[in-house]
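Structure below is coords-v2.cif: mmCIF, C-alpha atoms and all ligand atoms.
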data_protein
#
loop_
_atom_site.label_atom_id
_atom_site.label_comp_id
_atom_site.auth_asym_id
_atom_site.auth_seq_id
_atom_site.Cartn_x
_atom_site.Cartn_y
_atom_site.Cartn_z
CA MET A 270 46.01 -5.90 28.66
CA SER A 271 44.06 -3.23 26.83
CA SER A 272 45.14 0.40 26.98
CA PHE A 273 43.26 2.82 29.20
CA GLN A 274 42.29 4.90 26.18
CA SER A 275 40.56 1.95 24.52
CA PHE A 276 38.64 1.01 27.66
CA SER A 277 34.99 2.11 27.63
CA PHE A 278 33.54 3.06 30.99
CA ALA A 279 29.99 3.73 29.75
CA GLY A 280 27.53 2.65 32.43
CA LYS A 281 30.36 1.40 34.66
CA LYS A 282 31.32 2.32 38.20
CA ALA A 283 35.10 2.66 38.16
CA LEU A 284 36.89 2.13 41.46
CA VAL A 285 40.05 4.16 41.03
CA ARG A 286 43.08 3.92 43.34
CA VAL A 287 44.68 7.35 43.24
CA ASP A 288 47.54 8.91 45.21
CA PHE A 289 46.02 11.91 46.96
CA ASN A 290 48.67 11.73 49.66
CA VAL A 291 49.28 15.47 49.39
CA PRO A 292 51.04 17.70 51.92
CA LEU A 293 48.67 19.81 54.05
CA ASN A 294 49.52 22.83 56.19
CA ASP A 295 48.12 23.62 59.69
CA GLN A 296 44.93 25.01 58.13
CA PHE A 297 44.50 21.81 56.06
CA GLN A 298 45.35 23.64 52.87
CA ILE A 299 47.10 21.64 50.19
CA THR A 300 50.64 22.96 49.71
CA ASP A 301 51.46 20.86 46.63
CA ASP A 302 48.68 19.35 44.52
CA THR A 303 50.91 17.73 41.87
CA ARG A 304 49.65 14.22 42.65
CA MET A 305 46.02 15.28 42.41
CA ARG A 306 46.49 17.15 39.15
CA ALA A 307 48.34 14.16 37.69
CA THR A 308 45.22 12.00 37.81
CA VAL A 309 42.55 14.47 36.64
CA LYS A 310 42.88 13.25 33.04
CA THR A 311 42.06 9.70 34.12
CA ILE A 312 38.98 10.80 36.09
CA ASN A 313 37.71 12.96 33.23
CA LYS A 314 38.09 10.15 30.67
CA ILE A 315 35.90 7.84 32.78
CA LEU A 316 33.27 10.56 33.26
CA GLN A 317 33.28 11.51 29.57
CA ASP A 318 32.79 7.87 28.62
CA GLY A 319 29.59 7.91 30.66
CA GLY A 320 30.93 6.14 33.73
CA SER A 321 31.04 7.13 37.38
CA VAL A 322 34.12 7.36 39.57
CA ILE A 323 34.77 6.07 43.08
CA LEU A 324 38.12 7.36 44.27
CA MET A 325 40.16 5.73 47.01
CA SER A 326 43.47 6.88 48.46
CA HIS A 327 45.58 7.08 51.57
CA LEU A 328 46.70 10.30 53.25
CA GLY A 329 49.66 10.41 55.61
CA ARG A 330 50.43 7.70 58.11
CA PRO A 331 47.55 7.54 60.59
CA LYS A 332 48.48 5.21 63.44
CA GLU A 333 45.31 5.15 65.52
CA GLY A 334 42.47 4.65 63.05
CA PRO A 335 40.26 7.56 61.99
CA THR A 336 41.90 10.92 62.78
CA ASP A 337 40.61 14.30 61.59
CA LYS A 338 44.13 15.39 60.66
CA TYR A 339 44.37 12.63 58.07
CA SER A 340 40.83 12.85 56.73
CA LEU A 341 40.51 13.01 52.95
CA LYS A 342 37.55 15.37 53.43
CA HIS A 343 40.22 18.11 53.43
CA VAL A 344 40.88 17.55 49.72
CA VAL A 345 37.25 17.42 48.50
CA ALA A 346 36.90 21.14 47.70
CA HIS A 347 40.17 21.25 45.79
CA LEU A 348 39.30 18.12 43.85
CA ALA A 349 35.97 19.68 42.87
CA GLU A 350 37.86 22.71 41.61
CA LEU A 351 40.34 20.59 39.61
CA LEU A 352 37.36 18.83 38.00
CA GLY A 353 35.97 22.14 36.78
CA GLY A 354 33.53 22.80 39.61
CA LYS A 355 32.01 19.33 39.61
CA ASP A 356 30.22 18.19 42.76
CA VAL A 357 32.36 15.63 44.61
CA GLN A 358 30.56 13.37 47.08
CA PHE A 359 32.36 12.05 50.14
CA ALA A 360 31.89 8.87 52.18
CA ASN A 361 33.08 9.09 55.79
CA ASP A 362 34.38 5.54 55.65
CA CYS A 363 35.98 3.58 52.81
CA ILE A 364 33.96 0.42 53.53
CA GLY A 365 30.66 -0.25 55.34
CA ALA A 366 27.08 0.92 54.86
CA GLU A 367 27.70 4.57 53.90
CA ALA A 368 30.30 3.70 51.26
CA ILE A 369 28.11 0.89 49.88
CA ASP A 370 24.99 3.11 49.71
CA LYS A 371 26.75 6.09 48.16
CA ALA A 372 28.57 3.90 45.62
CA ALA A 373 25.32 2.13 44.71
CA ALA A 374 23.46 5.42 44.21
CA LEU A 375 26.19 6.93 42.05
CA GLN A 376 24.96 7.99 38.59
CA ALA A 377 26.92 8.31 35.36
CA GLY A 378 29.10 11.42 35.48
CA GLN A 379 29.25 11.52 39.29
CA VAL A 380 32.29 11.33 41.55
CA LEU A 381 32.58 9.85 45.05
CA LEU A 382 35.69 10.04 47.23
CA LEU A 383 36.11 7.47 49.99
CA GLU A 384 37.70 8.23 53.36
CA ASN A 385 41.38 7.42 54.00
CA LEU A 386 42.15 3.74 53.36
CA ARG A 387 44.83 3.71 56.03
CA PHE A 388 42.27 4.27 58.77
CA TYR A 389 42.19 0.47 58.53
CA LYS A 390 45.40 -1.35 59.36
CA GLU A 391 44.18 -4.02 56.94
CA GLU A 392 45.13 -1.70 54.06
CA GLU A 393 48.89 -1.83 54.61
CA LYS A 394 48.72 -5.47 55.69
CA GLY A 395 47.27 -6.33 52.30
CA ASP A 396 44.26 -7.99 53.94
CA ALA A 397 42.21 -9.95 51.41
CA VAL A 398 38.85 -9.57 53.21
CA PHE A 399 39.27 -5.78 53.35
CA ALA A 400 40.34 -5.74 49.68
CA GLU A 401 37.24 -7.71 48.72
CA LYS A 402 34.98 -5.25 50.57
CA LEU A 403 36.54 -2.40 48.61
CA ALA A 404 36.26 -4.36 45.37
CA GLN A 405 32.52 -4.79 45.84
CA LEU A 406 32.03 -1.03 45.45
CA GLY A 407 32.94 -0.92 41.75
CA ASP A 408 32.55 -2.80 38.47
CA VAL A 409 35.99 -1.96 37.14
CA TYR A 410 39.30 -1.40 38.98
CA VAL A 411 41.69 1.30 37.80
CA ASN A 412 45.10 1.77 39.40
CA ASP A 413 46.50 5.27 38.85
CA ALA A 414 48.65 5.46 41.99
CA PHE A 415 52.23 4.98 40.83
CA GLY A 416 53.53 6.43 44.10
CA THR A 417 52.33 3.31 45.96
CA ALA A 418 52.89 0.76 43.19
CA HIS A 419 55.81 -0.74 45.13
CA ARG A 420 53.52 -1.67 48.03
CA ALA A 421 51.49 -4.87 48.16
CA HIS A 422 48.64 -3.15 49.97
CA ALA A 423 44.96 -4.12 49.85
CA SER A 424 43.92 -1.28 47.51
CA THR A 425 47.05 -1.22 45.35
CA ALA A 426 47.58 -4.90 44.59
CA ILE A 427 45.47 -7.46 46.49
CA ILE A 428 42.18 -5.99 45.25
CA ALA A 429 43.02 -6.70 41.58
CA GLN A 430 42.27 -10.41 41.98
CA TYR A 431 38.58 -9.60 42.52
CA PHE A 432 38.30 -8.18 39.01
CA SER A 433 38.67 -10.16 35.79
CA LYS A 434 41.54 -9.19 33.48
CA GLU A 435 39.04 -7.31 31.28
CA ASN A 436 37.86 -5.29 34.25
CA ARG A 437 41.14 -3.98 35.59
CA THR A 438 43.49 -1.46 34.06
CA PHE A 439 46.12 1.21 34.67
CA GLY A 440 44.95 4.83 34.42
CA TYR A 441 46.71 7.37 32.19
CA LEU A 442 49.20 8.38 34.88
CA MET A 443 50.26 4.85 35.69
CA GLU A 444 50.52 4.03 31.98
CA ALA A 445 52.72 7.05 31.34
CA GLU A 446 54.96 6.21 34.31
CA VAL A 447 55.41 2.63 33.13
CA VAL A 448 56.03 3.64 29.52
CA SER A 449 58.71 6.18 30.46
CA ALA A 450 60.42 3.88 32.97
CA GLU A 451 60.45 1.04 30.43
CA LYS A 452 61.88 3.37 27.81
CA VAL A 453 64.86 4.06 30.04
CA LEU A 454 65.21 0.60 31.52
CA HIS A 455 64.79 -1.55 28.43
CA GLU A 456 64.83 0.63 25.31
CA ALA A 457 67.47 3.22 26.17
CA GLN A 458 69.25 4.74 23.21
CA LYS A 459 72.97 5.05 23.90
CA PRO A 460 74.80 6.94 25.25
CA PHE A 461 72.68 6.42 28.37
CA THR A 462 73.71 8.57 31.33
CA ALA A 463 72.37 7.98 34.82
CA ILE A 464 72.81 10.83 37.28
CA ILE A 465 72.64 9.58 40.84
CA GLY A 466 72.84 11.95 43.79
CA GLY A 467 71.46 12.31 47.27
CA ALA A 468 72.73 11.73 50.75
CA LYS A 469 73.64 8.08 51.08
CA VAL A 470 75.34 5.35 49.08
CA SER A 471 73.34 2.76 51.01
CA ASP A 472 70.03 4.09 49.62
CA LYS A 473 71.24 4.00 46.03
CA ILE A 474 73.40 0.90 45.92
CA LEU A 475 70.84 -1.38 44.28
CA ILE A 476 69.93 1.13 41.60
CA ILE A 477 73.60 1.72 40.79
CA GLU A 478 74.24 -2.02 40.52
CA ASN A 479 71.32 -2.45 38.14
CA LEU A 480 72.39 0.58 36.10
CA LEU A 481 75.90 -0.87 35.71
CA GLU A 482 74.22 -3.42 33.42
CA ARG A 483 72.53 -0.75 31.31
CA ALA A 484 74.11 2.70 31.37
CA THR A 485 77.14 3.89 29.44
CA ASP A 486 77.89 6.65 31.97
CA ILE A 487 77.00 7.08 35.63
CA ILE A 488 77.43 10.47 37.27
CA ILE A 489 77.65 10.24 41.06
CA GLY A 490 77.14 13.45 43.03
CA GLY A 491 75.70 14.68 46.31
CA GLY A 492 76.63 13.44 49.77
CA MET A 493 77.23 9.90 48.56
CA ALA A 494 80.28 10.96 46.54
CA TYR A 495 82.36 11.51 49.71
CA THR A 496 82.26 7.81 50.61
CA PHE A 497 83.85 7.16 47.20
CA PHE A 498 86.58 9.78 47.77
CA LYS A 499 87.51 8.45 51.19
CA ALA A 500 87.44 4.85 49.97
CA GLN A 501 90.04 5.85 47.36
CA GLY A 502 92.33 7.36 49.95
CA GLY A 503 91.14 10.97 49.81
CA THR A 504 90.62 13.24 52.81
CA ILE A 505 87.06 14.51 53.15
CA GLY A 506 87.11 16.60 56.36
CA THR A 507 83.71 16.48 58.03
CA SER A 508 81.76 15.66 54.86
CA ILE A 509 78.96 13.09 55.15
CA CYS A 510 80.36 9.57 54.79
CA GLU A 511 79.32 5.96 55.32
CA ASP A 512 82.56 4.29 56.38
CA ASP A 513 80.98 0.85 56.32
CA ARG A 514 80.09 1.32 52.65
CA MET A 515 83.63 2.14 51.51
CA PRO A 516 84.38 -1.44 50.33
CA LEU A 517 81.12 -1.34 48.38
CA ALA A 518 82.12 1.94 46.74
CA LEU A 519 85.41 0.38 45.59
CA GLU A 520 83.52 -2.66 44.35
CA ILE A 521 81.24 -0.43 42.26
CA LEU A 522 84.24 1.31 40.72
CA ALA A 523 85.89 -2.03 39.91
CA LYS A 524 82.70 -3.48 38.43
CA ALA A 525 82.17 -0.39 36.30
CA LYS A 526 85.71 -0.63 34.98
CA ALA A 527 85.26 -4.30 34.12
CA LYS A 528 82.01 -3.56 32.30
CA GLY A 529 83.30 -0.48 30.50
CA VAL A 530 80.83 1.86 32.23
CA ASN A 531 82.24 5.36 32.84
CA ILE A 532 81.78 6.52 36.41
CA HIS A 533 82.03 10.29 36.80
CA LEU A 534 82.70 11.56 40.31
CA PRO A 535 83.00 15.27 41.10
CA VAL A 536 86.59 16.51 40.79
CA ASP A 537 85.87 19.55 42.94
CA ASN A 538 83.38 20.64 45.58
CA ILE A 539 82.01 23.66 47.36
CA ILE A 540 83.16 23.29 50.93
CA THR A 541 82.29 25.10 54.14
CA THR A 542 82.88 24.78 57.88
CA ASP A 543 79.32 24.19 59.09
CA PHE A 544 76.11 22.70 57.76
CA SER A 545 74.89 26.24 57.20
CA ASN A 546 74.07 28.65 54.40
CA ASP A 547 75.97 31.47 56.11
CA THR A 548 79.47 30.16 56.73
CA GLU A 549 82.50 30.83 54.54
CA ARG A 550 82.61 28.85 51.28
CA LYS A 551 85.34 27.88 48.86
CA ASN A 552 86.00 25.60 45.93
CA CYS A 553 88.18 22.59 46.72
CA GLU A 554 89.54 19.51 44.94
CA SER A 555 87.68 16.36 45.86
CA MET A 556 90.45 14.20 47.27
CA SER A 557 91.92 16.83 49.61
CA ILE A 558 89.21 18.48 51.69
CA PRO A 559 90.87 20.01 54.76
CA ASP A 560 90.07 19.06 58.36
CA GLY A 561 87.01 20.86 59.71
CA TRP A 562 85.51 21.50 56.25
CA MET A 563 82.65 19.67 54.57
CA GLY A 564 81.51 19.43 50.95
CA LEU A 565 77.93 20.53 50.37
CA ASP A 566 77.82 20.87 46.58
CA ILE A 567 79.75 19.89 43.48
CA GLY A 568 82.29 22.46 42.30
CA GLU A 569 82.51 24.53 39.13
CA VAL A 570 84.81 22.23 37.17
CA SER A 571 82.59 19.23 37.97
CA ARG A 572 79.49 21.08 36.79
CA ALA A 573 81.08 21.73 33.41
CA LYS A 574 82.37 18.16 33.08
CA PHE A 575 79.02 16.64 34.04
CA ALA A 576 77.20 18.94 31.62
CA GLU A 577 79.46 17.76 28.81
CA VAL A 578 78.58 14.12 29.51
CA ILE A 579 74.88 14.93 29.77
CA LEU A 580 74.83 16.91 26.54
CA ALA A 581 76.33 13.95 24.66
CA SER A 582 73.60 11.60 25.92
CA LYS A 583 70.54 10.20 24.16
CA THR A 584 68.91 8.82 27.31
CA ILE A 585 69.12 10.38 30.78
CA LEU A 586 67.89 9.20 34.15
CA TRP A 587 68.24 11.60 37.08
CA ASN A 588 67.66 10.62 40.69
CA GLY A 589 68.92 12.71 43.58
CA PRO A 590 70.41 16.21 43.99
CA MET A 591 74.10 17.09 43.58
CA GLY A 592 74.26 19.00 46.85
CA VAL A 593 72.26 20.46 49.69
CA PHE A 594 70.03 22.34 47.25
CA GLU A 595 67.61 23.28 50.05
CA MET A 596 70.17 25.98 50.98
CA SER A 597 70.60 28.69 48.36
CA ASN A 598 74.40 28.69 48.48
CA TYR A 599 74.57 24.98 47.60
CA GLN A 600 72.08 24.92 44.74
CA ALA A 601 74.36 25.73 41.85
CA GLY A 602 75.47 22.14 41.21
CA THR A 603 71.94 20.74 41.08
CA LYS A 604 70.81 23.70 38.98
CA ALA A 605 73.65 23.17 36.50
CA ILE A 606 72.53 19.57 36.08
CA ALA A 607 68.93 20.70 35.53
CA VAL A 608 70.09 23.14 32.84
CA ALA A 609 72.16 20.47 31.09
CA VAL A 610 69.35 17.89 31.23
CA ALA A 611 66.91 20.45 29.78
CA GLU A 612 69.34 21.33 26.99
CA ALA A 613 70.01 17.68 26.14
CA THR A 614 66.24 17.09 26.05
CA GLN A 615 65.78 19.97 23.66
CA LYS A 616 68.44 18.37 21.43
CA GLY A 617 66.37 15.17 21.31
CA ALA A 618 67.43 13.10 24.32
CA PHE A 619 64.82 11.31 26.43
CA SER A 620 65.11 12.42 30.05
CA LEU A 621 63.37 10.95 33.06
CA VAL A 622 63.59 12.67 36.43
CA GLY A 623 62.41 10.72 39.44
CA GLY A 624 62.85 10.48 43.17
CA GLY A 625 61.45 13.05 45.58
CA ASP A 626 64.35 15.47 45.90
CA SER A 627 65.39 15.71 42.27
CA VAL A 628 61.72 16.27 41.39
CA SER A 629 61.41 19.11 43.92
CA ALA A 630 64.67 20.58 42.59
CA VAL A 631 63.42 20.47 39.00
CA ASN A 632 60.11 22.03 40.07
CA GLN A 633 61.82 24.67 42.20
CA PHE A 634 64.07 25.74 39.32
CA GLY A 635 61.15 25.73 36.86
CA PHE A 636 62.50 22.95 34.66
CA ASN A 637 59.63 20.49 35.01
CA ASP A 638 58.33 21.06 31.48
CA LYS A 639 61.83 21.08 29.97
CA VAL A 640 62.52 17.41 30.64
CA SER A 641 60.77 14.49 28.93
CA TYR A 642 59.09 13.05 32.01
CA VAL A 643 58.92 13.87 35.70
CA SER A 644 57.90 10.82 37.68
CA THR A 645 55.39 11.08 40.53
CA GLY A 646 56.87 8.03 42.24
CA GLY A 647 59.87 8.30 44.57
CA GLY A 648 60.30 4.90 46.18
CA ALA A 649 58.32 3.20 43.42
CA LEU A 650 60.57 4.51 40.66
CA LEU A 651 63.69 3.63 42.64
CA GLU A 652 62.47 0.05 43.07
CA TYR A 653 61.57 -0.14 39.38
CA PHE A 654 65.15 0.80 38.53
CA GLU A 655 66.51 -1.62 41.09
CA GLY A 656 64.96 -4.25 38.83
CA LYS A 657 62.17 -5.22 41.23
CA ILE A 658 58.70 -6.19 40.09
CA LEU A 659 56.23 -3.71 41.56
CA PRO A 660 53.17 -5.42 43.11
CA GLY A 661 50.78 -2.69 41.89
CA ILE A 662 51.88 -3.22 38.30
CA ALA A 663 52.10 -6.99 38.48
CA ALA A 664 48.57 -7.24 39.94
CA ILE A 665 47.00 -5.42 36.99
CA LYS A 666 48.96 -7.47 34.49
CA GLY A 667 48.12 -10.69 36.33
CA GLU A 668 51.76 -11.53 37.08
CA SER A 669 53.07 -12.56 40.46
CA ALA A 670 55.23 -9.96 42.23
P1 LIG B 701 68.09 11.45 48.83
O1 LIG B 701 66.77 11.53 49.54
O2 LIG B 701 68.91 10.27 49.19
O3 LIG B 701 67.97 11.66 47.34
O4 LIG B 701 68.94 12.65 49.41
C1 LIG B 701 68.55 13.97 49.27
C2 LIG B 701 69.19 14.77 50.32
O5 LIG B 701 70.59 14.68 50.22
C3 LIG B 701 68.85 16.24 50.22
O6 LIG B 701 68.09 16.61 51.33
C4 LIG B 701 70.20 16.93 50.21
O7 LIG B 701 70.25 18.05 51.05
C5 LIG B 701 71.13 15.86 50.75
N1 LIG B 701 72.52 16.07 50.29
C6 LIG B 701 72.94 16.23 49.03
N2 LIG B 701 74.26 16.49 49.01
C7 LIG B 701 74.69 16.48 50.28
C8 LIG B 701 75.96 16.71 50.90
N3 LIG B 701 77.03 16.97 50.17
N4 LIG B 701 75.99 16.64 52.25
C9 LIG B 701 74.90 16.38 52.97
N5 LIG B 701 73.69 16.15 52.45
C10 LIG B 701 73.57 16.21 51.11
#
Is it possible to express this structure as structure tokens?
Amino acid sequence: MSSFQSFSFAGKKALVRVDFNVPLNDQFQITDDTRMRATVKTINKILQDGGSVILMSHLGRPKEGPTDKYSLKHVVAHLAELLGGKDVQFANDCIGAEAIDKAAALQAGQVLLLENLRFYKEEEKGDAVFAEKLAQLGDVYVNDAFGTAHRAHASTAIIAQYFSKENRTFGYLMEAEVVSAEKVLHEAQKPFTAIIGGAKVSDKILIIENLLERATDIIIGGGMAYTFFKAQGGTIGTSICEDDRMPLALEILAKAKAKGVNIHLPVDNIITTDFSNDTERKNCESMSIPDGWMGLDIGEVSRAKFAEVILASKTILWNGPMGVFEMSNYQAGTKAIAVAVAEATQKGAFSLVGGGDSVSAVNQFGFNDKVSYVSTGGGALLEYFEGKILPGIAAIKGESA
């Protein structure tokens, strides 16, 4: 598979799957354009080569076919702006006569955006006939939508079979995502620390199991830590807990011990009486949280201990916050991790941050350019680290998912 950089798009119509699934407010203004900005470099390279670009994406989860609320027409003006004031054409349907005519008339240097792919249920079903109709619009297929790479949808995976190996490729964004994930998954320099947080053990169990084969240290924080405390005989008050996952938590600890992987759980927590920013707070040891109190962040001693582990690392993967960082009084733990990851990166470690909430935390605290790579894929990155083959990646490479 040739690299995107070496691909020449001169005279070609490139059909590019992007992830323009951006959040919109009530006035249809984009509230976070990260995903759009991430793919501008890919679009510009094709245009500069002398090619034309046909963009396709989904937006939201429309249930009933075409709906104004989910129309990609709302992103046209902003896309034009991101492309330096370039005119962006729009087709009111992603297949059919209008799309075919506009794609056929497209000249070198021009950009066409197709309407929301998910206005057709065939998209998510991975329908081959629908995929073929899309494929007929372009000469070359480019997949730059890492956020949907874990889905075997028509436009993300099935479509690839209608292009020869020479005529399909990743875009810059997808390439960068794959390179950084591979660096952590298969070429990690040791010590390799994985920081896993978030609400539930059940969401992160597969990633932890896969990381037990690779990491030297695993830091477990956030709501999922309380299942581990209770499983070990601790009292956790009203903290979030998955009782049915307690045996699994003990199994993870036993497996880690057998493999020589260090598991670091918080030794203390910030506890409070309600799921609220305004109730009384105090620091408390992990195994003895009193009745009626819940842990919403890691404590001060844990922050220092975790930072020490992080600072000694050469490779760092971070997925999931250490506490309820959405509330200002429970941000300190997640922020301390962000500071430590940034410092370790500055000292030469490779750090990859991925998964929706840790990415928003890193952005919120202004650390996004202080880590090595911030992934645009939540579910996709998680599945990558669970050891699964992502259909969107396999389809470009010509492997079976
Ligand atoms: P996830 O999507 O699994 O990464 O989980 C992220 C969510 O976990 C965030 O919305 C956090 O507010 C939440 N979370 C983190 N720590 C806790 C905690 N101690 N109790 C309840 N929720 C938590």
Within 8 Å of ligand LIG 701 (chain B): each chain A residue with its shortest pair, only C-alpha atoms and all ligand atoms, as CSV:
residue,atom,partner,partner_atom,distance
A:Gly466,CA,B:LIG701,O3,6.0
A:Gly467,CA,B:LIG701,O4,3.3
A:Ala468,CA,B:LIG701,O5,3.7
A:Lys469,CA,B:LIG701,O2,5.5
A:Asp472,CA,B:LIG701,O2,6.3
A:Lys473,CA,B:LIG701,O2,7.4
A:Gly490,CA,B:LIG701,N2,7.3
A:Gly491,CA,B:LIG701,N2,3.6
A:Gly492,CA,B:LIG701,C8,3.5
A:Met493,CA,B:LIG701,N2,7.2
A:Ala494,CA,B:LIG701,N3,7.7
A:Tyr495,CA,B:LIG701,N3,7.6
A:Ser508,CA,B:LIG701,N4,6.4
A:Ile509,CA,B:LIG701,N4,5.5
A:Met563,CA,B:LIG701,N3,7.6
A:Gly564,CA,B:LIG701,N3,5.2
A:Leu565,CA,B:LIG701,N3,3.7
A:Asp566,CA,B:LIG701,N3,5.4
A:Ile567,CA,B:LIG701,N3,7.8
A:Asn588,CA,B:LIG701,O3,6.7
A:Gly589,CA,B:LIG701,O3,4.0
A:Pro590,CA,B:LIG701,C6,5.6
A:Met591,CA,B:LIG701,N2,5.5
A:Gly592,CA,B:LIG701,N2,3.3
A:Val593,CA,B:LIG701,O7,3.4
A:Phe594,CA,B:LIG701,O7,5.7
A:Glu595,CA,B:LIG701,O7,5.9
A:Met596,CA,B:LIG701,O7,7.9
A:Gly624,CA,B:LIG701,O3,6.7
A:Gly625,CA,B:LIG701,O1,6.8
A:Asp626,CA,B:LIG701,O3,5.4
A:Ser627,CA,B:LIG701,O3,7.0
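Distances here use only C-alpha atoms; by that measure, the residue among A:Ala349, A:Ile505, A:Ala423, A:Ala283 closest to A:Gly561 is A:Ile505.
Each of A:Tyr410, A:Phe544, A:Tyr653, A:Phe498 was checked against A:Phe439 using all atoms listed in the file; the smallest atom-to-atom distance is that of A:Tyr410.
Atom CA of A:Glu482 is found 27.7 Å from atom CA of A:Leu442.
The space separating atom CA of A:Val570 from atom CA of A:Leu534 comes to 11.3 Å.
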Inset, instruction - Identify, on the basis of all atoms listed in the file, every residue whose closest approach to A:Ser629 does not exceed 12 Å; exclude the query and any residue fewer than 5 positions from it along the same chain; express the result as a PyMOL selection string. - result: chain A and resi 301+303+588-590+594-595+603-604+607+622-624+634-637+643-645+647
Inset, instruction - Please write as a ChimeraX atom specification the list of polymer residues whose atoms come within 9 Å of (33.2, -1.5, 51.0), counting only C-alpha atoms and keeping to the coordinates of the file. - result: /A:362-369,372,399-406
Inset, instruction - Quote the spacing between atom CA of A:Tyr431 and atom CA of A:Leu650 in Å to one decimal place. - result: 26.2 Å
Inset, instruction - Would you mind telling me which residue in A:Arg572, A:Lys666, A:Lys338, A:Lys314 lies nearest to A:Asp295 when using all atoms listed in the file? - result: A:Lys338
Inset, instruction - Compile the contact shell of A:His343 as number ranges by chain: residues with an atom at most 10 Å away, counting all atoms listed in the file, same-chain residues fewer than 2 positions apart removed. - result: A: 293, 296-299, 337-341, 345-348
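The list of residues within 10 Å of (81.3, 24.6, 37.2), counted using only C-alpha atoms, is Asp537, Asn538, Asn552, Ile567, Gly568, Glu569, Val570, Ser571, Arg572, Ala573, Lys574, Phe575, Ala576, Ala601, Gly602 and Ala605 of chain A.
Between A:Lys282 and the candidates A:Gly320, A:Pro535, A:Pro331, A:Pro460, the tightest atom-to-atom separation, counting all atoms listed in the file, involves A:Gly320.
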